[in-house]
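Next up, work_1.csv (CSV, C-alpha atoms):
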chain,number,residue,atom,x,y,z
R,1,MET,CA,5.7,33.0,22.7
R,2,PRO,CA,2.2,31.5,22.5
R,3,PRO,CA,1.4,29.2,25.4
R,4,ASP,CA,2.0,25.5,24.7
R,5,ALA,CA,-1.5,24.2,23.9
R,6,SER,CA,-0.7,20.7,25.1
R,7,LYS,CA,-0.1,22.0,28.6
R,8,PRO,CA,-3.1,23.6,30.2
R,9,THR,CA,-2.4,26.8,32.2
R,10,ALA,CA,-3.2,26.6,35.9
R,11,THR,CA,-5.1,29.9,36.3
R,12,VAL,CA,-8.0,29.3,33.9
R,13,LYS,CA,-10.0,26.1,34.2
R,14,ASP,CA,-9.1,24.2,31.1
R,15,ASN,CA,-11.6,21.5,30.1
R,16,ARG,CA,-10.4,21.1,26.5
R,17,GLU,CA,-8.9,17.8,27.2
R,18,LYS,CA,-12.2,16.5,28.6
R,19,MET,CA,-14.0,17.9,25.5
R,20,LEU,CA,-11.6,16.1,23.2
R,21,GLU,CA,-12.0,13.0,25.2
R,22,ARG,CA,-15.8,13.3,24.7
R,23,ALA,CA,-15.4,13.7,21.0
R,24,MET,CA,-13.4,10.6,20.8
R,25,SER,CA,-15.7,8.5,22.9
R,26,ARG,CA,-18.6,9.7,20.7
R,27,HIS,CA,-16.8,7.8,17.9
R,28,HIS,CA,-16.1,4.9,20.3
R,29,TYR,CA,-12.3,5.6,19.9
R,30,SER,CA,-12.5,4.2,16.4
R,31,GLY,CA,-9.5,4.8,14.2
R,32,ASP,CA,-11.8,5.5,11.3
R,33,ALA,CA,-12.9,8.6,13.1
R,34,LEU,CA,-9.4,10.2,12.9
R,35,ILE,CA,-10.5,13.1,10.7
R,36,GLU,CA,-13.5,13.9,12.9
R,37,VAL,CA,-11.3,13.8,16.0
R,38,LEU,CA,-8.6,16.0,14.4
R,39,HIS,CA,-11.4,18.5,13.5
R,40,ALA,CA,-12.5,18.6,17.1
R,41,ALA,CA,-8.9,18.9,18.4
R,42,GLN,CA,-8.1,21.8,16.0
R,43,GLU,CA,-11.3,23.5,17.0
R,44,LEU,CA,-10.5,23.2,20.7
R,45,TYR,CA,-6.8,24.1,20.6
R,46,GLY,CA,-6.6,26.2,17.4
R,47,PHE,CA,-3.8,24.0,16.0
R,48,LEU,CA,-2.5,20.5,16.2
R,49,SER,CA,0.7,20.2,18.3
R,50,ILE,CA,2.9,17.1,18.0
R,51,PRO,CA,2.2,16.1,21.7
R,52,LEU,CA,-1.5,16.5,20.9
R,53,LEU,CA,-1.2,14.3,17.9
R,54,GLN,CA,0.8,11.8,19.9
R,55,SER,CA,-2.0,11.5,22.5
R,56,ILE,CA,-4.7,11.2,19.8
R,57,ALA,CA,-2.7,8.4,18.1
R,58,ARG,CA,-2.4,6.6,21.4
R,59,LYS,CA,-6.1,6.9,22.3
R,60,LEU,CA,-7.4,5.9,18.8
R,61,ARG,CA,-4.8,3.1,18.7
R,62,LEU,CA,-3.3,4.4,15.4
R,63,PRO,CA,0.3,4.5,14.3
R,64,PRO,CA,1.8,8.0,14.9
R,65,SER,CA,3.0,8.3,11.4
R,66,ARG,CA,-0.5,7.7,10.0
R,67,VAL,CA,-1.9,10.4,12.3
R,68,LEU,CA,0.7,13.0,11.2
R,69,GLY,CA,0.3,11.9,7.6
R,70,VAL,CA,-3.4,12.6,7.7
R,71,ALA,CA,-3.0,15.9,9.6
R,72,THR,CA,-0.5,17.2,7.0
R,73,PHE,CA,-2.4,15.9,4.0
R,74,TYR,CA,-5.3,18.3,4.5
R,75,HIS,CA,-4.6,22.1,4.3
R,76,PHE,CA,-7.4,22.6,6.8
R,77,PHE,CA,-5.3,21.2,9.6
R,78,SER,CA,-2.5,23.4,11.0
R,79,LEU,CA,0.5,22.2,12.9
R,80,ALA,CA,1.5,25.7,14.0
R,81,PRO,CA,-0.4,28.2,16.1
R,82,LYS,CA,-2.7,30.4,14.2
R,83,GLY,CA,-2.5,34.2,14.5
R,84,GLU,CA,-5.0,36.4,16.4
R,85,HIS,CA,-6.8,37.3,13.2
R,86,PHE,CA,-7.3,35.0,10.2
R,87,PHE,CA,-7.6,36.1,6.6
R,88,GLN,CA,-8.6,33.6,3.9
R,89,VAL,CA,-8.5,35.1,0.4
R,90,CYS,CA,-10.7,33.3,-2.2
R,91,THR,CA,-8.7,32.8,-5.4
R,92,GLY,CA,-11.4,31.1,-7.3
R,93,THR,CA,-11.9,32.2,-10.9
R,94,ALA,CA,-14.5,34.9,-10.2
R,95,CYS,CA,-12.5,36.4,-7.3
R,96,TYR,CA,-9.3,36.1,-9.2
R,97,VAL,CA,-10.7,38.0,-12.1
R,98,ALA,CA,-12.1,40.6,-9.7
R,99,GLY,CA,-8.7,41.2,-8.2
R,100,ALA,CA,-8.1,38.7,-5.5
R,101,GLN,CA,-4.4,38.8,-6.3
R,102,SER,CA,-4.1,42.4,-5.3
R,103,LEU,CA,-5.7,41.6,-1.9
R,104,LEU,CA,-3.3,38.7,-1.4
R,105,ASP,CA,-0.4,41.0,-2.4
R,106,VAL,CA,-1.4,43.5,0.3
R,107,LEU,CA,-1.6,40.7,3.0
R,108,GLU,CA,1.7,39.1,1.8
R,109,ARG,CA,3.4,42.5,1.9
R,110,ARG,CA,2.1,43.6,5.3
R,111,CYS,CA,1.7,40.3,7.1
R,112,CYS,CA,3.2,37.1,5.8
R,113,LYS,CA,3.2,34.7,2.9
R,114,SER,CA,0.1,32.8,2.2
R,115,GLY,CA,-0.2,29.7,4.4
R,116,GLY,CA,1.8,31.4,7.2
R,117,THR,CA,1.5,33.5,10.3
R,118,SER,CA,3.1,36.9,10.8
R,119,PRO,CA,6.1,36.9,13.1
R,120,ASP,CA,4.3,38.9,15.8
R,121,GLY,CA,1.5,36.3,15.8
R,122,LYS,CA,-1.1,38.8,14.8
R,123,VAL,CA,-2.3,37.6,11.5
R,124,SER,CA,-2.5,34.3,9.6
R,125,VAL,CA,-3.1,34.4,5.8
R,126,GLN,CA,-4.3,31.6,3.6
R,127,SER,CA,-5.7,31.4,0.1
R,128,ALA,CA,-8.7,29.3,-0.7
R,129,ARG,CA,-9.9,27.9,-4.0
R,130,CYS,CA,-13.6,28.8,-4.6
R,131,ILE,CA,-15.5,29.5,-1.4
R,132,GLY,CA,-18.8,29.5,-3.4
R,133,SER,CA,-19.6,33.1,-3.0
R,134,CYS,CA,-18.8,34.2,-6.6
R,135,GLY,CA,-21.4,37.0,-6.4
R,136,LEU,CA,-19.4,38.7,-3.7
R,137,ALA,CA,-16.1,38.6,-5.6
R,138,PRO,CA,-13.5,39.4,-4.6
R,139,ALA,CA,-14.3,37.8,-1.2
R,140,VAL,CA,-12.2,37.4,1.9
R,141,ILE,CA,-13.1,35.4,4.9
R,142,TYR,CA,-11.9,37.4,7.9
R,143,ASP,CA,-12.2,35.7,11.3
R,144,GLY,CA,-15.2,33.7,10.1
R,145,LYS,CA,-17.0,36.6,8.5
R,146,ILE,CA,-17.2,37.3,4.8
R,147,LEU,CA,-15.9,40.6,3.5
R,148,ALA,CA,-17.6,41.1,0.1
R,149,ARG,CA,-16.3,43.1,-2.9
R,150,LEU,CA,-13.2,44.0,-0.9
R,151,THR,CA,-10.7,46.6,-2.3
R,152,PRO,CA,-7.1,46.8,-1.4
R,153,GLU,CA,-7.8,50.2,0.3
R,154,GLN,CA,-10.5,48.7,2.5
R,155,LEU,CA,-8.2,45.9,3.4
R,156,ASN,CA,-5.4,48.3,4.2
R,157,ALA,CA,-7.8,50.2,6.4
R,158,GLU,CA,-8.8,47.1,8.3
R,159,LEU,CA,-5.2,46.1,8.8
R,160,ASP,CA,-4.4,49.6,10.1
R,161,ARG,CA,-7.4,49.3,12.5
R,162,ILE,CA,-6.2,46.0,14.0
R,163,GLY,CA,-2.7,47.5,14.4
R,164,VAL,CA,-0.7,45.8,11.7
R,165,LYS,CA,2.4,47.9,10.8
S,166,MET,CA,-12.3,-21.3,-9.3
S,167,SER,CA,-13.2,-19.4,-12.4
S,168,VAL,CA,-10.7,-18.9,-15.2
S,169,LYS,CA,-10.5,-16.0,-17.5
S,170,THR,CA,-9.0,-16.1,-21.0
S,171,LEU,CA,-7.6,-13.0,-22.5
S,172,VAL,CA,-4.9,-11.8,-25.0
S,173,ILE,CA,-1.9,-9.9,-23.8
S,174,ASP,CA,0.4,-8.6,-26.6
S,175,GLY,CA,-1.0,-11.1,-29.1
S,176,LYS,CA,-0.5,-14.0,-26.8
S,177,ALA,CA,-3.5,-16.0,-25.6
S,178,VAL,CA,-3.2,-16.4,-21.8
S,179,THR,CA,-5.4,-17.5,-18.9
S,180,GLY,CA,-5.7,-16.1,-15.4
S,181,ARG,CA,-7.8,-16.7,-12.3
S,182,ALA,CA,-10.7,-14.4,-11.7
S,183,GLY,CA,-9.6,-11.5,-9.6
S,184,GLU,CA,-6.0,-11.7,-10.6
S,185,THR,CA,-4.5,-8.5,-12.0
S,186,ILE,CA,-3.4,-8.0,-15.6
S,187,PHE,CA,0.0,-7.3,-14.2
S,188,ASN,CA,0.4,-10.7,-12.5
S,189,VAL,CA,-1.0,-12.6,-15.4
S,190,ALA,CA,1.3,-10.8,-17.8
S,191,TRP,CA,4.4,-11.6,-15.7
S,192,GLU,CA,3.4,-15.2,-15.2
S,193,ASN,CA,3.3,-15.5,-19.0
S,194,GLY,CA,6.6,-13.8,-19.6
S,195,VAL,CA,5.3,-10.4,-20.6
S,196,ARG,CA,7.3,-7.9,-18.5
S,197,ILE,CA,5.4,-4.7,-17.6
S,198,PRO,CA,7.6,-2.0,-16.1
S,199,ARG,CA,6.8,-1.0,-12.5
S,200,LEU,CA,8.3,0.9,-9.6
S,201,CYS,CA,5.6,0.8,-6.9
S,202,HIS,CA,4.4,-2.8,-7.2
S,203,VAL,CA,6.2,-5.5,-5.3
S,204,GLY,CA,5.0,-9.1,-5.0
S,205,GLY,CA,3.6,-9.8,-1.5
S,206,LEU,CA,2.4,-6.3,-0.8
S,207,SER,CA,-0.9,-4.6,-1.6
S,208,ASP,CA,-1.0,-2.4,-4.8
S,209,VAL,CA,-1.6,1.3,-4.8
S,210,GLY,CA,-1.0,2.3,-8.4
S,211,ALA,CA,1.3,5.1,-7.5
S,212,CYS,CA,3.9,5.1,-10.2
S,213,ARG,CA,1.7,4.7,-13.2
S,214,LEU,CA,4.4,2.9,-15.1
S,215,CYS,CA,2.4,-0.2,-15.6
S,216,LEU,CA,-0.3,1.6,-17.6
S,217,VAL,CA,-1.6,-0.6,-20.4
S,218,GLU,CA,-4.0,-0.2,-23.3
S,219,ILE,CA,-7.2,-2.3,-23.2
S,220,GLU,CA,-9.0,-2.5,-26.5
S,221,GLY,CA,-12.5,-0.9,-26.4
S,222,GLN,CA,-11.4,1.4,-23.5
S,223,ARG,CA,-10.4,4.9,-24.2
S,224,LYS,CA,-8.5,5.4,-21.0
S,225,LEU,CA,-5.3,3.7,-20.0
S,226,ALA,CA,-5.5,1.3,-17.1
S,227,ALA,CA,-2.9,0.6,-14.3
S,228,ALA,CA,-2.2,-3.1,-14.9
S,229,CYS,CA,-1.4,-3.7,-11.2
S,230,LEU,CA,-4.9,-2.7,-10.1
S,231,THR,CA,-7.1,-3.9,-13.0
S,232,PRO,CA,-8.4,-7.5,-12.7
S,233,VAL,CA,-8.4,-9.6,-15.8
S,234,GLU,CA,-11.7,-10.1,-17.6
S,235,GLU,CA,-12.9,-12.6,-20.2
S,236,GLY,CA,-12.0,-11.6,-23.7
S,237,MET,CA,-9.8,-8.7,-22.8
S,238,VAL,CA,-7.3,-7.6,-25.4
S,239,VAL,CA,-4.4,-5.9,-23.7
S,240,HIS,CA,-1.4,-4.1,-25.2
S,241,THR,CA,1.5,-3.4,-22.9
S,242,SER,CA,4.2,-1.8,-25.0
S,243,SER,CA,2.8,0.3,-27.8
S,244,GLU,CA,4.7,3.5,-28.8
S,245,ARG,CA,2.1,5.6,-27.0
S,246,LEU,CA,2.7,3.7,-23.8
S,247,LYS,CA,6.4,3.9,-24.1
S,248,GLU,CA,6.2,7.7,-24.6
S,249,HIS,CA,4.0,8.0,-21.5
S,250,ARG,CA,6.5,5.9,-19.5
S,251,ARG,CA,9.4,7.9,-20.6
S,252,LEU,CA,7.7,11.1,-19.5
S,253,ILE,CA,6.8,9.6,-16.1
S,254,LEU,CA,10.4,8.6,-15.6
S,255,GLU,CA,11.5,12.1,-16.6
S,256,LEU,CA,9.1,13.6,-14.2
S,257,LEU,CA,10.4,11.4,-11.4
S,258,LEU,CA,14.0,12.3,-12.3
S,259,ALA,CA,13.3,16.0,-12.4
S,260,GLU,CA,11.3,16.0,-9.1
S,261,ARG,CA,14.2,15.2,-6.8
S,262,ASN,CA,18.0,15.1,-6.8
S,263,HIS,CA,18.7,11.8,-8.6
S,264,VAL,CA,22.5,11.9,-9.1
S,265,CYS,CA,23.5,8.4,-10.0
S,266,ALA,CA,27.2,9.1,-10.0
S,267,VAL,CA,27.2,9.6,-6.2
S,268,CYS,CA,24.5,7.1,-5.3
S,269,VAL,CA,25.0,4.0,-3.3
S,270,MET,CA,22.6,2.1,-5.6
S,271,ASN,CA,24.3,3.1,-8.9
S,272,GLY,CA,24.2,0.0,-11.1
S,273,ALA,CA,21.4,-1.8,-9.3
S,274,CYS,CA,18.7,0.9,-9.1
S,275,GLU,CA,15.3,0.1,-10.4
S,276,LEU,CA,14.7,3.7,-11.5
S,277,GLN,CA,18.1,3.8,-13.3
S,278,ASP,CA,17.5,0.4,-15.0
S,279,LEU,CA,14.1,1.4,-16.2
S,280,ALA,CA,15.3,4.7,-17.5
S,281,ALA,CA,18.1,2.9,-19.4
S,282,GLU,CA,15.6,0.3,-20.8
S,283,LEU,CA,13.2,2.9,-22.0
S,284,GLY,CA,15.9,5.1,-23.5
S,285,VAL,CA,15.6,8.1,-21.2
S,286,ASP,CA,19.0,9.5,-22.1
S,287,HIS,CA,18.1,13.1,-21.2
S,288,VAL,CA,15.3,14.9,-19.3
S,289,ARG,CA,13.3,17.4,-21.2
S,290,LEU,CA,12.0,19.1,-18.1
S,291,ARG,CA,13.7,21.5,-15.8
S,292,TYR,CA,15.0,19.9,-12.6
S,293,ARG,CA,13.5,21.2,-9.4
S,294,PHE,CA,16.6,20.7,-7.2
S,295,PRO,CA,14.6,20.6,-3.9
S,296,LYS,CA,16.6,21.1,-0.8
S,297,LEU,CA,15.9,17.9,1.2
S,298,GLY,CA,17.6,16.2,4.1
S,299,VAL,CA,19.3,12.9,4.8
S,300,ASP,CA,18.5,11.1,8.0
S,301,THR,CA,21.4,9.0,9.3
S,302,SER,CA,20.2,8.9,12.9
S,303,HIS,CA,19.4,5.2,12.7
S,304,GLU,CA,22.1,2.8,13.9
S,305,ARG,CA,22.1,0.6,10.8
S,306,PHE,CA,20.2,2.4,8.0
S,307,GLY,CA,20.0,5.8,6.3
S,308,GLN,CA,17.2,7.6,4.6
S,309,ASP,CA,17.9,10.1,1.7
S,310,GLN,CA,14.8,12.0,0.7
S,311,ASN,CA,16.6,13.3,-2.4
S,312,ARG,CA,16.5,9.9,-4.0
S,313,CYS,CA,12.9,9.0,-2.9
S,314,ILE,CA,10.3,8.5,-5.6
S,315,LEU,CA,7.4,8.2,-3.2
S,316,CYS,CA,6.5,4.7,-4.3
S,317,THR,CA,5.4,3.9,-0.7
S,318,ARG,CA,6.8,0.4,-0.8
S,319,CYS,CA,8.6,1.0,2.5
S,320,VAL,CA,5.3,2.3,4.0
S,321,ARG,CA,3.4,-0.8,2.9
S,322,VAL,CA,6.0,-3.4,3.9
S,323,CYS,CA,6.4,-1.8,7.3
S,324,ASP,CA,2.6,-1.9,7.8
S,325,GLU,CA,1.6,-5.1,6.1
S,326,VAL,CA,4.5,-7.4,6.7
S,327,GLU,CA,6.4,-6.1,9.7
S,328,GLY,CA,3.3,-4.7,11.3
S,329,ALA,CA,5.1,-1.8,12.9
S,330,HIS,CA,3.8,1.0,10.6
S,331,THR,CA,6.7,3.3,11.5
S,332,LYS,CA,6.7,5.0,8.1
S,333,ASP,CA,4.0,6.9,6.4
S,334,VAL,CA,3.6,9.8,3.9
S,335,PHE,CA,3.8,13.4,5.2
S,336,GLY,CA,2.1,16.2,3.3
S,337,ARG,CA,0.9,15.9,-0.2
S,338,GLY,CA,2.0,16.3,-3.8
S,339,SER,CA,5.6,16.5,-4.9
S,340,GLY,CA,6.5,18.0,-1.5
S,341,SER,CA,5.5,14.7,0.3
S,342,LEU,CA,8.1,13.1,2.5
S,343,ILE,CA,8.4,9.6,4.0
S,344,ILE,CA,8.4,10.1,7.7
S,345,ASN,CA,9.1,8.0,10.8
S,346,ASP,CA,6.5,8.2,13.6
S,347,MET,CA,5.8,11.9,14.4
S,348,GLY,CA,8.4,13.1,11.9
S,349,GLY,CA,11.3,12.8,14.2
S,350,PRO,CA,14.7,11.2,13.5
S,351,TRP,CA,14.5,7.6,12.4
S,352,GLY,CA,17.0,6.6,15.1
S,353,GLU,CA,14.7,7.9,17.8
S,354,SER,CA,11.6,6.1,16.5
S,355,ASP,CA,9.7,4.1,19.2
S,356,THR,CA,8.0,1.8,16.7
S,357,CYS,CA,10.8,0.9,14.4
S,358,THR,CA,12.0,-2.7,14.9
S,359,SER,CA,15.2,-2.2,12.8
S,360,CYS,CA,14.1,-5.1,10.6
S,361,GLY,CA,15.4,-3.5,7.4
S,362,LYS,CA,12.5,-4.7,5.2
S,363,CYS,CA,11.9,-1.1,4.0
S,364,VAL,CA,15.6,-0.9,2.9
S,365,GLN,CA,15.3,-4.1,0.9
S,366,VAL,CA,12.2,-3.1,-1.0
S,367,CYS,CA,13.2,0.4,-1.8
S,368,PRO,CA,13.7,0.6,-5.5
S,369,THR,CA,16.3,3.4,-5.4
S,370,GLY,CA,19.0,4.5,-3.0
S,371,ALA,CA,16.5,6.4,-0.8
S,372,LEU,CA,16.9,3.8,1.9
S,373,PHE,CA,20.3,2.2,2.3
S,374,SER,CA,22.5,0.3,4.8
S,375,LYS,CA,25.1,2.4,6.5
S,376,GLY,CA,28.7,1.9,5.5
S,377,LYS,CA,28.0,1.5,1.9
S,378,SER,CA,29.8,3.8,-0.5
S,379,VAL,CA,29.0,4.7,-4.1
S,380,ALA,CA,27.5,1.8,-6.1
S,381,GLU,CA,28.2,-0.6,-3.2
S,382,MET,CA,24.6,-1.1,-2.0
S,383,ARG,CA,22.8,-4.1,-3.3
S,384,LYS,CA,19.3,-5.1,-2.3
S,385,ASP,CA,17.9,-8.6,-1.8
S,386,ARG,CA,15.0,-8.6,-4.2
S,387,GLY,CA,13.8,-12.1,-3.5
S,388,PHE,CA,13.7,-11.8,0.3
S,389,LEU,CA,10.1,-10.4,0.5
S,390,LYS,CA,8.6,-13.4,-1.3
S,391,TYR,CA,10.6,-15.7,1.0
S,392,ILE,CA,9.4,-13.9,4.2
S,393,VAL,CA,5.8,-13.8,3.1
S,394,THR,CA,5.5,-17.4,1.9
S,395,ALA,CA,8.2,-19.3,3.8
S,396,ARG,CA,6.1,-20.4,6.7
S,397,GLU,CA,3.3,-21.9,4.6
S,398,LYS,CA,5.9,-23.5,2.3
S,399,ARG,CA,7.9,-24.7,5.4
S,400,GLU,CA,11.1,-23.2,4.0
S,401,TRP,CA,12.9,-22.9,7.3
S,402,ILE,CA,16.2,-22.5,5.5
S,403,ARG,CA,16.3,-20.3,2.5
Starting from the file, give its structure as structure tokens.
Amino acid sequence: MPPDASKPTATVKDNREKMLERAMSRHHYSGDALIEVLHAAQELYGFLSIPLLQSIARKLRLPPSRVLGVATFYHFFSLAPKGEHFFQVCTGTACYVAGAQSLLDVLERRCCKSGGTSPDGKVSVQSARCIGSCGLAPAVIYDGKILARLTPEQLNAELDRIGVK
Amino acid sequence: MSVKTLVIDGKAVTGRAGETIFNVAWENGVRIPRLCHVGGLSDVGACRLCLVEIEGQRKLAAACLTPVEEGMVVHTSSERLKEHRRLILELLLAERNHVCAVCVMNGACELQDLAAELGVDHVRLRYRFPKLGVDTSHERFGQDQNRCILCTRCVRVCDEVEGAHTKDVFGRGSGSLIINDMGGPWGESDTCTSCGKCVQVCPTGALFSKGKSVAEMRKDRGFLKYIVTAREKREWIR
């Protein structure tokens, strides 16, 4: 089970709370800065847990339902922990025509459905609309790096390498 | 105060500057259908049933959000508009599980009444039959997502009149849900004051009082106007 992000572990010094606090104070704890603060929180913790959202709501003086509503409206925000590796498959027109669906099929068959995380917590899969790199079609963003003109074989090899069964 | 003159359905009418087409129409006896508008709350233009034609404009306009302007010629019930409204109602009916026969609001539901009025006797779309829950954790009220049309009246009344902002919209698109606080059970909400305003403004049976059986629930449609204006009108007793 992944550690509860809202409770810092004792062994490693955890200053995420402080950093989030700093992000909020930069916006003068204004409720209008909710999206910026959620961005900062997600970057720090990897996902937005309910206790984390509760504390943001309290500090920005916003209704909890509004905070959860905003966090669930945008696909960028995730309420569940992300996997160790993150694949984002572009399904824009150019990538789709170049075979993005076969890449997504590979990931969905071997890992999990798009928008989810594999049961072992190894891989998260998401589809994106156009990422703006149509010249690299079909493109996949893998842990922040772009894999250009990817074939299902290359993708399978990479999944083998990181130990996906 | 500047006054605007316009024509709604062939009738010459006047409205104050800034007033919406919807309000001016209703004041003059032209009834425009609606599901998300309710007097006393802000308007969001969510249901699109109040769409009207304005001469000289190609696009249809939501009457509840469009201010009146001098010389406007508005049509509120052309065949084209009626067809659009029928389709909107069919979409709403197909989106969730609206089963009137087992609903507490059968016979007094705004969605049902509008469907009957506009002649929606069948739905041409395939029903989606989503699997949605019913929250009966609250002491006095229940919330049935299956009957919700996402008009957000409850969200607005809770925020703007009661000031609690217990309810809001979770997610996006047809999968949206009305949630309480952090999405927990309504009965465990810290912010809910159990005032019941959301229940009274809900147009369907999505919010209801507990203990009501099929077709027994009736909502007090006039209460919101009373609550919003009673103090300034000094109406201590309704």
Selection near Val264 of chain S, 10 Å with only C-alpha atoms, sequence-local residues under 5 positions removed, as number ranges by chain: S: 258, 271, 311-312
Neighbours of chain S in chain R at 8 Å, counting all atoms listed in the file, as a PyMOL selection string: chain R and resi 50+54+63-66+68-70+72-74
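The space between atom CA of Cys229 of chain S and atom CA of Ser207 of chain S spans 9.7 Å.
From atom CA of Leu256 of chain S back to atom CA of His287 of chain S, the distance works out to 11.4 Å.
Using all atoms listed in the file, the nearest neighbour of Val125 of chain R within the list R:Glu158, R:Glu153, R:Glu84, R:Glu36 is R:Glu84.
Atom pair atom CA of Phe306 of chain S / atom CA of Leu372 of chain S has a distance of 7.1 Å (rounded to one decimal).
Around Asn188 of chain S, within 12 Å and counting only C-alpha atoms, the residues found are Ile173, Val178, Thr179, Gly180, Arg181, Ala182, Gly183, Glu184, Glu192, Asn193, Gly194, Val195, Arg196, Ile197, Pro198, Arg199, His202, Val203, Gly204, Gly205, Asp208, Cys215, Ala227, Ala228, Cys229, Leu230, Thr231, Pro232 and Val233 of chain S, once anything fewer than 4 positions away on its own chain is removed.
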For Ser339 of chain S: contacts at 10 Å, all atoms listed in the file, fewer than 6 positions along chain excluded, given as a PyMOL selection string: chain S and resi 257+260-261+295+314-315
Residues within 7 Å of Val217 of chain S, only C-alpha atoms, excluding chain neighbours under 2 positions, as an NGL selection string: :S and (215 or 219 or 225-228 or 239-241 or 246)
Nearest to Ser378 of chain S, chosen from S:Val172, S:Met270, S:Cys201, S:Leu254, with all atoms listed in the file counted in the distances: S:Met270
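Between Glu381 of chain S and the residues S:Gly352, S:Asp300, S:Ala266, S:Tyr292, the shortest atom-to-atom distance, using only C-alpha atoms, involves S:Ala266.
Distances from R:Leu34, R:Ala57, R:Val123, R:Ala100 to His85 of chain R were compared using all atoms listed in the file, and the smallest one belongs to R:Val123.
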Lys113 of chain R surroundings by all atoms listed in the file, 10 Å radius, close-in-sequence under 5 positions cut, as a list of chain:residue names: R:Leu104, R:Asp105, R:Leu107, R:Glu108, R:Ser118, R:Ser124, R:Val125, R:Gln126, R:Ser127
